[in-house]
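Q: Sending over coords34.cif (mmCIF, C-alpha atoms and all ligand atoms).
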data_coords
#
loop_
_atom_site.label_atom_id
_atom_site.label_comp_id
_atom_site.auth_asym_id
_atom_site.auth_seq_id
_atom_site.Cartn_x
_atom_site.Cartn_y
_atom_site.Cartn_z
CA MET A 1 49.75 -26.77 13.92
CA ARG A 2 51.43 -23.45 13.42
CA LEU A 3 54.01 -22.25 15.93
CA GLU A 4 54.10 -18.58 16.84
CA PRO A 5 56.51 -16.64 19.01
CA GLY A 6 54.88 -16.31 22.43
CA ALA A 7 55.32 -13.91 25.33
CA GLY A 8 58.85 -13.92 26.73
CA GLY A 9 60.30 -15.10 23.42
CA GLN A 10 59.05 -18.66 23.89
CA ASP A 11 57.16 -20.48 21.17
CA ARG A 12 53.59 -21.41 21.94
CA GLN A 13 51.25 -23.57 19.97
CA ARG A 14 48.26 -21.59 18.71
CA ALA A 15 44.90 -23.31 18.66
CA GLY A 16 42.59 -22.50 15.80
CA ARG A 17 38.98 -21.49 16.13
CA VAL A 18 35.98 -20.47 14.09
CA ILE A 19 33.87 -17.35 14.64
CA LEU A 20 30.45 -17.27 12.99
CA VAL A 21 29.80 -13.61 12.24
CA GLY A 22 26.34 -12.45 11.23
CA GLY A 23 27.07 -9.51 8.95
CA GLY A 24 23.63 -7.89 9.02
CA PRO A 25 21.20 -7.23 6.19
CA GLY A 26 23.51 -5.42 3.78
CA ASP A 27 24.12 -1.88 4.95
CA PRO A 28 27.72 -2.00 6.28
CA GLY A 29 26.60 0.30 9.11
CA LEU A 30 24.49 -2.57 10.44
CA LEU A 31 27.45 -4.90 10.98
CA THR A 32 28.00 -5.06 14.74
CA VAL A 33 31.09 -3.66 16.46
CA ALA A 34 31.93 -7.22 17.59
CA GLY A 35 31.57 -8.50 14.01
CA LEU A 36 33.87 -5.83 12.63
CA ASP A 37 36.39 -6.54 15.37
CA ALA A 38 36.41 -10.23 14.38
CA ILE A 39 37.01 -9.29 10.73
CA ARG A 40 39.92 -7.07 11.76
CA ASN A 41 41.64 -9.89 13.65
CA ALA A 42 40.93 -12.89 11.41
CA ASP A 43 43.58 -15.00 9.68
CA VAL A 44 41.01 -16.44 7.28
CA ILE A 45 37.62 -15.05 6.22
CA ALA A 46 35.13 -17.22 4.36
CA ALA A 47 32.58 -14.73 3.03
CA ASP A 48 29.12 -15.15 1.54
CA ARG A 49 27.70 -13.10 -1.30
CA LEU A 50 25.09 -11.46 0.98
CA ALA A 51 27.58 -10.38 3.67
CA PRO A 52 28.48 -6.65 3.67
CA LEU A 53 31.68 -7.22 1.72
CA SER A 54 32.97 -3.65 2.04
CA ALA A 55 33.87 -4.59 5.64
CA LEU A 56 36.61 -6.83 4.20
CA ALA A 57 38.64 -3.64 3.61
CA HIS A 58 39.28 -3.80 7.38
CA ALA A 59 40.83 -7.28 7.22
CA ARG A 60 44.54 -7.69 7.87
CA PRO A 61 46.50 -7.45 4.60
CA GLU A 62 47.83 -11.00 5.06
CA ALA A 63 44.38 -12.48 5.82
CA GLU A 64 43.21 -15.18 3.42
CA ILE A 65 39.83 -14.15 2.01
CA ILE A 66 37.74 -16.87 0.44
CA ASP A 67 34.66 -16.05 -1.64
CA VAL A 68 32.51 -19.07 -0.85
CA GLY A 69 29.90 -17.85 -3.35
CA LYS A 70 32.30 -19.19 -6.00
CA ILE A 71 32.28 -22.75 -4.67
CA PRO A 72 30.61 -25.01 -7.26
CA ARG A 73 26.92 -25.67 -6.48
CA GLY A 74 25.14 -29.00 -6.35
CA PRO A 75 22.98 -30.77 -3.78
CA GLY A 76 24.86 -30.24 -0.52
CA VAL A 77 28.18 -29.82 -2.31
CA ALA A 78 28.87 -26.18 -1.57
CA GLN A 79 27.84 -26.47 2.07
CA ARG A 80 30.01 -29.55 2.65
CA THR A 81 32.96 -27.84 0.96
CA ILE A 82 32.53 -24.76 3.16
CA GLU A 83 32.43 -26.86 6.32
CA GLU A 84 35.56 -28.77 5.25
CA LEU A 85 37.29 -25.50 4.53
CA LEU A 86 36.46 -24.02 7.95
CA VAL A 87 37.68 -27.17 9.68
CA ASP A 88 40.85 -27.37 7.57
CA ARG A 89 41.91 -23.77 8.20
CA ALA A 90 41.08 -23.91 11.92
CA LEU A 91 43.05 -27.16 12.35
CA LYS A 92 46.03 -25.31 10.90
CA GLY A 93 45.84 -22.93 13.85
CA ASN A 94 44.00 -20.05 12.22
CA THR A 95 41.29 -17.80 13.59
CA VAL A 96 38.65 -18.30 10.92
CA VAL A 97 35.73 -15.93 10.45
CA ARG A 98 32.67 -17.30 8.68
CA PHE A 99 31.11 -14.08 7.41
CA LYS A 100 27.54 -14.16 6.21
CA GLY A 101 24.48 -12.01 5.70
CA GLY A 102 21.95 -11.30 8.45
CA ASP A 103 22.17 -13.63 11.42
CA SER A 104 23.99 -16.96 11.06
CA PHE A 105 21.18 -18.85 12.81
CA ILE A 106 18.30 -17.51 10.69
CA PHE A 107 18.36 -19.57 7.49
CA GLY A 108 22.11 -19.16 7.59
CA ARG A 109 23.25 -22.73 8.19
CA GLY A 110 25.19 -21.54 11.22
CA GLY A 111 23.95 -24.52 13.21
CA GLU A 112 25.29 -26.97 10.62
CA GLU A 113 28.66 -25.24 10.49
CA TRP A 114 28.89 -25.25 14.26
CA GLN A 115 28.14 -29.00 14.29
CA ALA A 116 30.84 -29.65 11.67
CA CYS A 117 33.39 -27.71 13.74
CA ALA A 118 32.31 -29.37 16.98
CA ALA A 119 32.74 -32.80 15.37
CA ALA A 120 36.34 -31.83 14.60
CA GLY A 121 36.92 -30.50 18.12
CA ILE A 122 37.16 -26.88 17.00
CA PRO A 123 35.89 -24.16 19.35
CA VAL A 124 33.23 -21.90 17.86
CA THR A 125 32.16 -18.40 18.86
CA ILE A 126 28.87 -16.93 17.68
CA ILE A 127 28.57 -13.23 16.93
CA PRO A 128 24.88 -12.55 16.29
CA GLY A 129 23.88 -10.37 13.35
CA VAL A 130 20.95 -8.12 12.52
CA THR A 131 18.61 -10.36 10.56
CA SER A 132 17.02 -9.13 7.34
CA ALA A 133 13.80 -10.78 8.53
CA SER A 134 13.17 -7.74 10.71
CA ALA A 135 15.67 -5.21 9.34
CA ALA A 136 14.41 -5.18 5.73
CA PRO A 137 10.79 -4.51 6.77
CA ALA A 138 11.95 -1.96 9.36
CA ALA A 139 14.05 -0.09 6.79
CA ALA A 140 10.98 0.00 4.53
CA GLY A 141 8.87 1.48 7.34
CA ILE A 142 7.01 -1.72 8.26
CA PRO A 143 6.83 -2.50 11.99
CA LEU A 144 6.38 -6.27 12.34
CA THR A 145 4.39 -5.78 15.54
CA HIS A 146 2.13 -2.94 16.56
CA ARG A 147 -0.26 -2.93 19.49
CA GLN A 148 -3.26 -2.15 17.27
CA LEU A 149 -2.27 -4.35 14.33
CA SER A 150 -0.30 -7.46 15.22
CA GLN A 151 0.66 -9.25 18.40
CA GLY A 152 3.49 -11.20 16.86
CA PHE A 153 5.20 -12.47 13.73
CA THR A 154 6.32 -15.73 12.18
CA VAL A 155 9.37 -16.04 9.97
CA VAL A 156 9.23 -18.83 7.45
CA THR A 157 11.08 -19.88 4.31
CA GLY A 158 9.21 -19.88 1.02
CA HIS A 159 11.93 -21.93 -0.61
CA VAL A 160 9.72 -25.03 -0.55
CA PRO A 161 6.19 -24.20 -1.80
CA PRO A 162 3.13 -25.18 0.30
CA SER A 163 2.02 -27.96 -2.06
CA ASP A 164 5.45 -29.61 -2.11
CA ARG A 165 5.69 -32.87 -0.17
CA ARG A 166 9.02 -31.72 1.30
CA SER A 167 7.23 -28.82 3.06
CA THR A 168 6.91 -29.19 6.83
CA VAL A 169 5.28 -25.78 7.28
CA ASN A 170 1.62 -25.72 8.34
CA TRP A 171 0.48 -22.98 5.95
CA GLU A 172 -3.14 -23.45 7.00
CA ALA A 173 -2.23 -22.63 10.60
CA LEU A 174 -0.22 -19.62 9.43
CA ALA A 175 -3.19 -18.36 7.40
CA GLN A 176 -5.33 -18.49 10.54
CA SER A 177 -2.75 -17.31 13.07
CA GLY A 178 -3.55 -13.60 13.05
CA LEU A 179 0.20 -12.99 13.10
CA THR A 180 2.37 -11.05 10.68
CA LEU A 181 4.01 -13.47 8.23
CA VAL A 182 7.58 -12.83 7.12
CA ILE A 183 8.65 -14.97 4.18
CA MET A 184 12.28 -15.29 3.19
CA MET A 185 13.59 -16.94 0.02
CA GLY A 186 10.02 -16.83 -1.24
CA MET A 187 10.13 -14.81 -4.45
CA ALA A 188 10.10 -17.74 -6.88
CA ASN A 189 7.07 -19.24 -5.12
CA LEU A 190 5.27 -16.06 -4.10
CA ALA A 191 2.19 -16.57 -6.31
CA VAL A 192 1.78 -20.17 -5.12
CA ILE A 193 2.17 -19.10 -1.49
CA THR A 194 -0.33 -16.24 -1.67
CA ASP A 195 -2.84 -18.50 -3.46
CA ALA A 196 -2.42 -21.15 -0.75
CA LEU A 197 -2.92 -18.59 2.05
CA ILE A 198 -6.11 -17.32 0.38
CA GLY A 199 -7.24 -20.93 -0.06
CA TYR A 200 -6.71 -21.48 3.68
CA GLY A 201 -8.94 -18.53 4.52
CA LEU A 202 -6.67 -15.49 4.79
CA ASP A 203 -8.54 -12.40 3.54
CA PRO A 204 -7.39 -11.65 -0.06
CA ALA A 205 -7.42 -7.93 0.84
CA THR A 206 -4.76 -8.46 3.55
CA PRO A 207 -1.93 -5.95 3.02
CA ALA A 208 1.33 -7.39 1.71
CA ALA A 209 4.73 -5.98 0.83
CA VAL A 210 7.97 -7.07 -0.79
CA VAL A 211 11.22 -5.42 0.30
CA ALA A 212 14.17 -6.12 -1.99
CA ASP A 213 17.77 -5.19 -1.11
CA GLY A 214 16.51 -4.02 2.27
CA THR A 215 18.75 -1.46 4.05
CA MET A 216 20.95 -1.05 0.97
CA SER A 217 21.08 2.03 -1.28
CA SER A 218 19.38 -0.12 -3.96
CA MET A 219 16.43 -0.95 -1.65
CA ARG A 220 13.02 -1.13 -3.34
CA THR A 221 9.63 -1.79 -1.81
CA GLU A 222 6.36 -2.81 -3.45
CA ARG A 223 3.13 -2.79 -1.47
CA GLY A 224 -0.20 -4.36 -2.36
CA THR A 225 -2.53 -7.03 -1.09
CA LEU A 226 -2.36 -10.78 -0.82
CA THR A 227 -4.19 -10.93 -4.16
CA ASP A 228 -1.84 -8.80 -6.21
CA ILE A 229 1.53 -8.63 -4.45
CA ALA A 230 3.13 -11.41 -6.52
CA ALA A 231 2.12 -9.74 -9.81
CA ARG A 232 3.11 -6.28 -8.56
CA ALA A 233 6.54 -7.48 -7.44
CA ALA A 234 7.12 -9.30 -10.73
CA GLU A 235 6.01 -6.25 -12.72
CA ALA A 236 8.38 -4.05 -10.73
CA GLY A 237 11.18 -6.55 -11.39
CA LEU A 238 11.85 -7.22 -7.70
CA GLY A 239 13.95 -10.30 -7.07
CA ALA A 240 16.25 -11.84 -4.48
CA PRO A 241 17.30 -10.90 -1.95
CA ALA A 242 13.79 -9.92 -0.95
CA THR A 243 11.63 -10.33 2.13
CA VAL A 244 7.86 -10.58 1.98
CA VAL A 245 5.59 -9.26 4.73
CA ILE A 246 1.93 -10.28 4.91
CA GLY A 247 -0.46 -8.76 7.45
CA SER A 248 -2.04 -5.45 8.46
CA VAL A 249 1.38 -4.01 9.32
CA ALA A 250 2.36 -4.23 5.63
CA GLY A 251 -0.11 -1.39 5.02
CA PHE A 252 1.24 0.69 7.91
CA THR A 253 1.72 4.42 7.50
CA PRO A 254 2.75 6.51 10.50
CA ALA A 255 0.43 9.44 9.76
C1 LIG B 301 19.68 -17.71 2.89
S1 LIG B 301 18.65 -16.51 3.60
C2 LIG B 301 19.76 -15.74 4.69
C3 LIG B 301 19.08 -14.91 5.74
C4 LIG B 301 20.06 -14.26 6.69
N1 LIG B 301 20.76 -15.23 7.47
C5 LIG B 301 19.41 -13.25 7.61
O1 LIG B 301 19.32 -13.46 8.82
O2 LIG B 301 18.98 -12.20 7.09
C6 LIG B 301 18.56 -15.37 2.27
C7 LIG B 301 17.24 -14.64 2.25
O3 LIG B 301 17.24 -13.60 3.22
C8 LIG B 301 16.48 -12.51 2.75
N2 LIG B 301 17.37 -11.35 2.65
C9 LIG B 301 18.69 -11.34 2.83
N3 LIG B 301 19.16 -10.08 2.72
C10 LIG B 301 18.09 -9.29 2.45
C11 LIG B 301 17.93 -7.91 2.21
N4 LIG B 301 18.96 -7.06 2.25
N5 LIG B 301 16.69 -7.43 1.95
C12 LIG B 301 15.63 -8.27 1.92
N6 LIG B 301 15.72 -9.59 2.14
C13 LIG B 301 16.93 -10.09 2.40
C14 LIG B 301 15.91 -12.91 1.40
O4 LIG B 301 14.64 -13.48 1.61
C15 LIG B 301 16.91 -13.93 0.94
O5 LIG B 301 16.37 -14.81 -0.02
#
Once you've parsed the file, please lay out its structure as structure tokens.
A:
Amino acid sequence: MRLEPGAGGQDRQRAGRVILVGGGPGDPGLLTVAGLDAIRNADVIAADRLAPLSALAHARPEAEIIDVGKIPRGPGVAQRTIEELLVDRALKGNTVVRFKGGDSFIFGRGGEEWQACAAAGIPVTIIPGVTSASAAPAAAGIPLTHRQLSQGFTVVTGHVPPSDRRSTVNWEALAQSGLTLVIMMGMANLAVITDALIGYGLDPATPAAVVADGTMSSMRTERGTLTDIAARAAEAGLGAPATVVIGSVAGFTPA
């Protein structure tokens, strides 16, 4: 452990800790005040590609900044390496910020990182972030709920397609739920997903939208129906990061 001069000139042992900071959907203005404060005070920052990286300009000059997007990929490899890194730096007495896009607990592996830290006896603080699940649609003018259109929404990953045996999502129930569907990480499987929803009885004319780079200056939105949204998005060249909205609200216009 590192020793630091304490109050009254005495040395005190400094305990390390990890702060999971949800950085918001991309626009640096949507990083919370608490998140920015954590960045300002961190000894180590482990940052994801989708975090609002311009905020790192506020880090202390001596802070160690680690681009975890550069960690070699492989089944579970990158995630394990990140967890080891957080634990290692915290055990050395550092205040470590894990800086990621959106909210750490929405498809952000924040729960896994917390478990890894807890197993090593490291205290963890959670600073919630603005999730792209709601922020990207909102920035594109799509209200996920509306008293006349939708009484709720479901957020689901499209990373594993409906027909895949690894899928634990009940797509049939979603098709019949009457709720707005928000699909994250679904661009590669969008055509398969929309076909499955139609197959399970969702009206092919249901409005649908894809919001790419939501809240950023590069944001692009494509609107259509369940039938044509995958082709429209592909034609427009929309890719990750993108959020898909399916339901009446995707056709919302305020006037
Ligand atoms: C690994 S998940 C992380 C989600 C993040 N924890 C959150 O709460 O927003 C990555 C997915 O989030 C969505 N996403 C992230 N940033 C986005 C943005 N700015 N606009 C649209 N979708 C975004 C995309 O579906 C992307 O594939």
Q: Please check which protein, DNA or RNA residues sit within 6 Å of ligand LIG 301 (chain B), counting only C-alpha atoms and all ligand atoms, and write them as a list of chain:residue names.
A: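 Final answer, ordered by chain and number: A:Pro25, A:Gly26, A:Gly101, A:Gly102, A:Asp103, A:Ser104, A:Ile106, A:Phe107, A:Gly108, A:Thr131, A:Ser132, A:Ala133, A:Ala136, A:Met184, A:Met185, A:Val211, A:Ala212, A:Asp213, A:Gly214, A:Thr215, A:Ala240, A:Pro241, A:Ala242, A:Thr243.
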Q: Please determine, counting all atoms listed in the file, which residue among A:Gly251, A:Gly186, A:Pro161, A:Gly129 has the shortest atom-to-atom distance to Gly110 in chain A.
A: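 Checking each candidate against Gly110 in chain A, we get A:Gly129 as the closest.
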Q: As an exercise, work out the distance from CA of Met216 in chain A to CA of Ala47 in chain A in Å and give it to one decimal place.
A: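 Between these atoms lies a distance of 18.1 Å.
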Q: Which one of A:Asp48, A:Asp228, A:Glu222, A:Asp195 sits closest to Trp171 in chain A if you count all atoms listed in the file?
A: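 Going through A:Asp48, A:Asp228, A:Glu222, A:Asp195 one by one, the smallest distance to Trp171 in chain A is for A:Asp195.
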Q: Report as JSON lines the residues of range 109-154 of chain A within 12 Å of range 244-247 of chain A, each with its shortest atom pair and distance in Å (one decimal), using all atoms listed in the file, ordered by chain and increasing residue number.
A:
{"residue": "A:Ser132", "atom": "CA", "partner": "A:Val244", "partner_atom": "CA", "distance": 10.7}
{"residue": "A:Ala133", "atom": "CA", "partner": "A:Val244", "partner_atom": "CA", "distance": 8.8}
{"residue": "A:Ser134", "atom": "CA", "partner": "A:Val245", "partner_atom": "CA", "distance": 9.8}
{"residue": "A:Ala135", "atom": "CA", "partner": "A:Val245", "partner_atom": "CA", "distance": 11.8}
{"residue": "A:Ala136", "atom": "CA", "partner": "A:Val244", "partner_atom": "CA", "distance": 9.3}
{"residue": "A:Pro137", "atom": "CA", "partner": "A:Val245", "partner_atom": "CA", "distance": 7.3}
{"residue": "A:Ala138", "atom": "CA", "partner": "A:Val245", "partner_atom": "CA", "distance": 10.7}
{"residue": "A:Ala140", "atom": "CA", "partner": "A:Val245", "partner_atom": "CA", "distance": 10.7}
{"residue": "A:Gly141", "atom": "CA", "partner": "A:Val245", "partner_atom": "CA", "distance": 11.5}
{"residue": "A:Ile142", "atom": "CA", "partner": "A:Val245", "partner_atom": "CA", "distance": 8.4}
{"residue": "A:Pro143", "atom": "CA", "partner": "A:Val245", "partner_atom": "CA", "distance": 10.0}
{"residue": "A:Leu144", "atom": "CA", "partner": "A:Val245", "partner_atom": "CA", "distance": 8.2}
{"residue": "A:Thr145", "atom": "CA", "partner": "A:Gly247", "partner_atom": "CA", "distance": 9.9}
{"residue": "A:His146", "atom": "CA", "partner": "A:Gly247", "partner_atom": "CA", "distance": 11.1}
{"residue": "A:Leu149", "atom": "CA", "partner": "A:Gly247", "partner_atom": "CA", "distance": 8.4}
{"residue": "A:Ser150", "atom": "CA", "partner": "A:Gly247", "partner_atom": "CA", "distance": 7.9}
{"residue": "A:Gln151", "atom": "CA", "partner": "A:Gly247", "partner_atom": "CA", "distance": 11.0}
{"residue": "A:Gly152", "atom": "CA", "partner": "A:Gly247", "partner_atom": "CA", "distance": 10.5}
{"residue": "A:Phe153", "atom": "CA", "partner": "A:Gly247", "partner_atom": "CA", "distance": 9.2}
{"residue": "A:Thr154", "atom": "CA", "partner": "A:Val245", "partner_atom": "CA", "distance": 9.9}
Q: Counting all atoms listed in the file, which residues have an atom no more than 6 Å from (-6.1, -19.8, 5.0) in the file's coordinates? Please list them as a list of chain:residue names.
A: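 Checked against the point, the hits come out as A:Glu172, A:Ala175, A:Gln176, A:Leu197, A:Ile198, A:Gly199, A:Tyr200, A:Gly201, A:Leu202.
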Q: As a ChimeraX atom specification, please: the residues near Asp43 in chain A (cut-off 12 Å, all atoms listed in the file, same-chain neighbours under 6 positions excluded).
A: /A:16-19,59-66,86,89-90,92-98
Q: Rounded to one decimal, what separation in Å do you get between CA of Val68 in chain A and CA of Pro123 in chain A?
A: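 Computing it gives 21.1 Å between the two atoms.
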Q: Expressed in Å to a single decimal, how great is the separation between CA of Gln79 in chain A and CA of Ala42 in chain A?
A: 21.0 Å
Q: Excluding same-chain residues fewer than 3 positions from Ser167 in chain A, what lies within 12 Å of it counting only C-alpha atoms, as number ranges by chain?
A: A: 156-164, 170-171, 193
Q: So, counting only C-alpha atoms, which residue among A:Ile82, A:Val249, A:Ile127, A:Ala38 is closest to Arg147 in chain A?
A: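 Of all the options, A:Val249 lies closest to Arg147 in chain A.
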Q: Please provide as a ChimeraX atom specification all residues within 12 Å of Gly121 in chain A, with the sequence filter that same-chain residues fewer than 3 positions apart are discarded (counting only C-alpha atoms).
A: /A:15-18,87-88,90-91,114-118,124
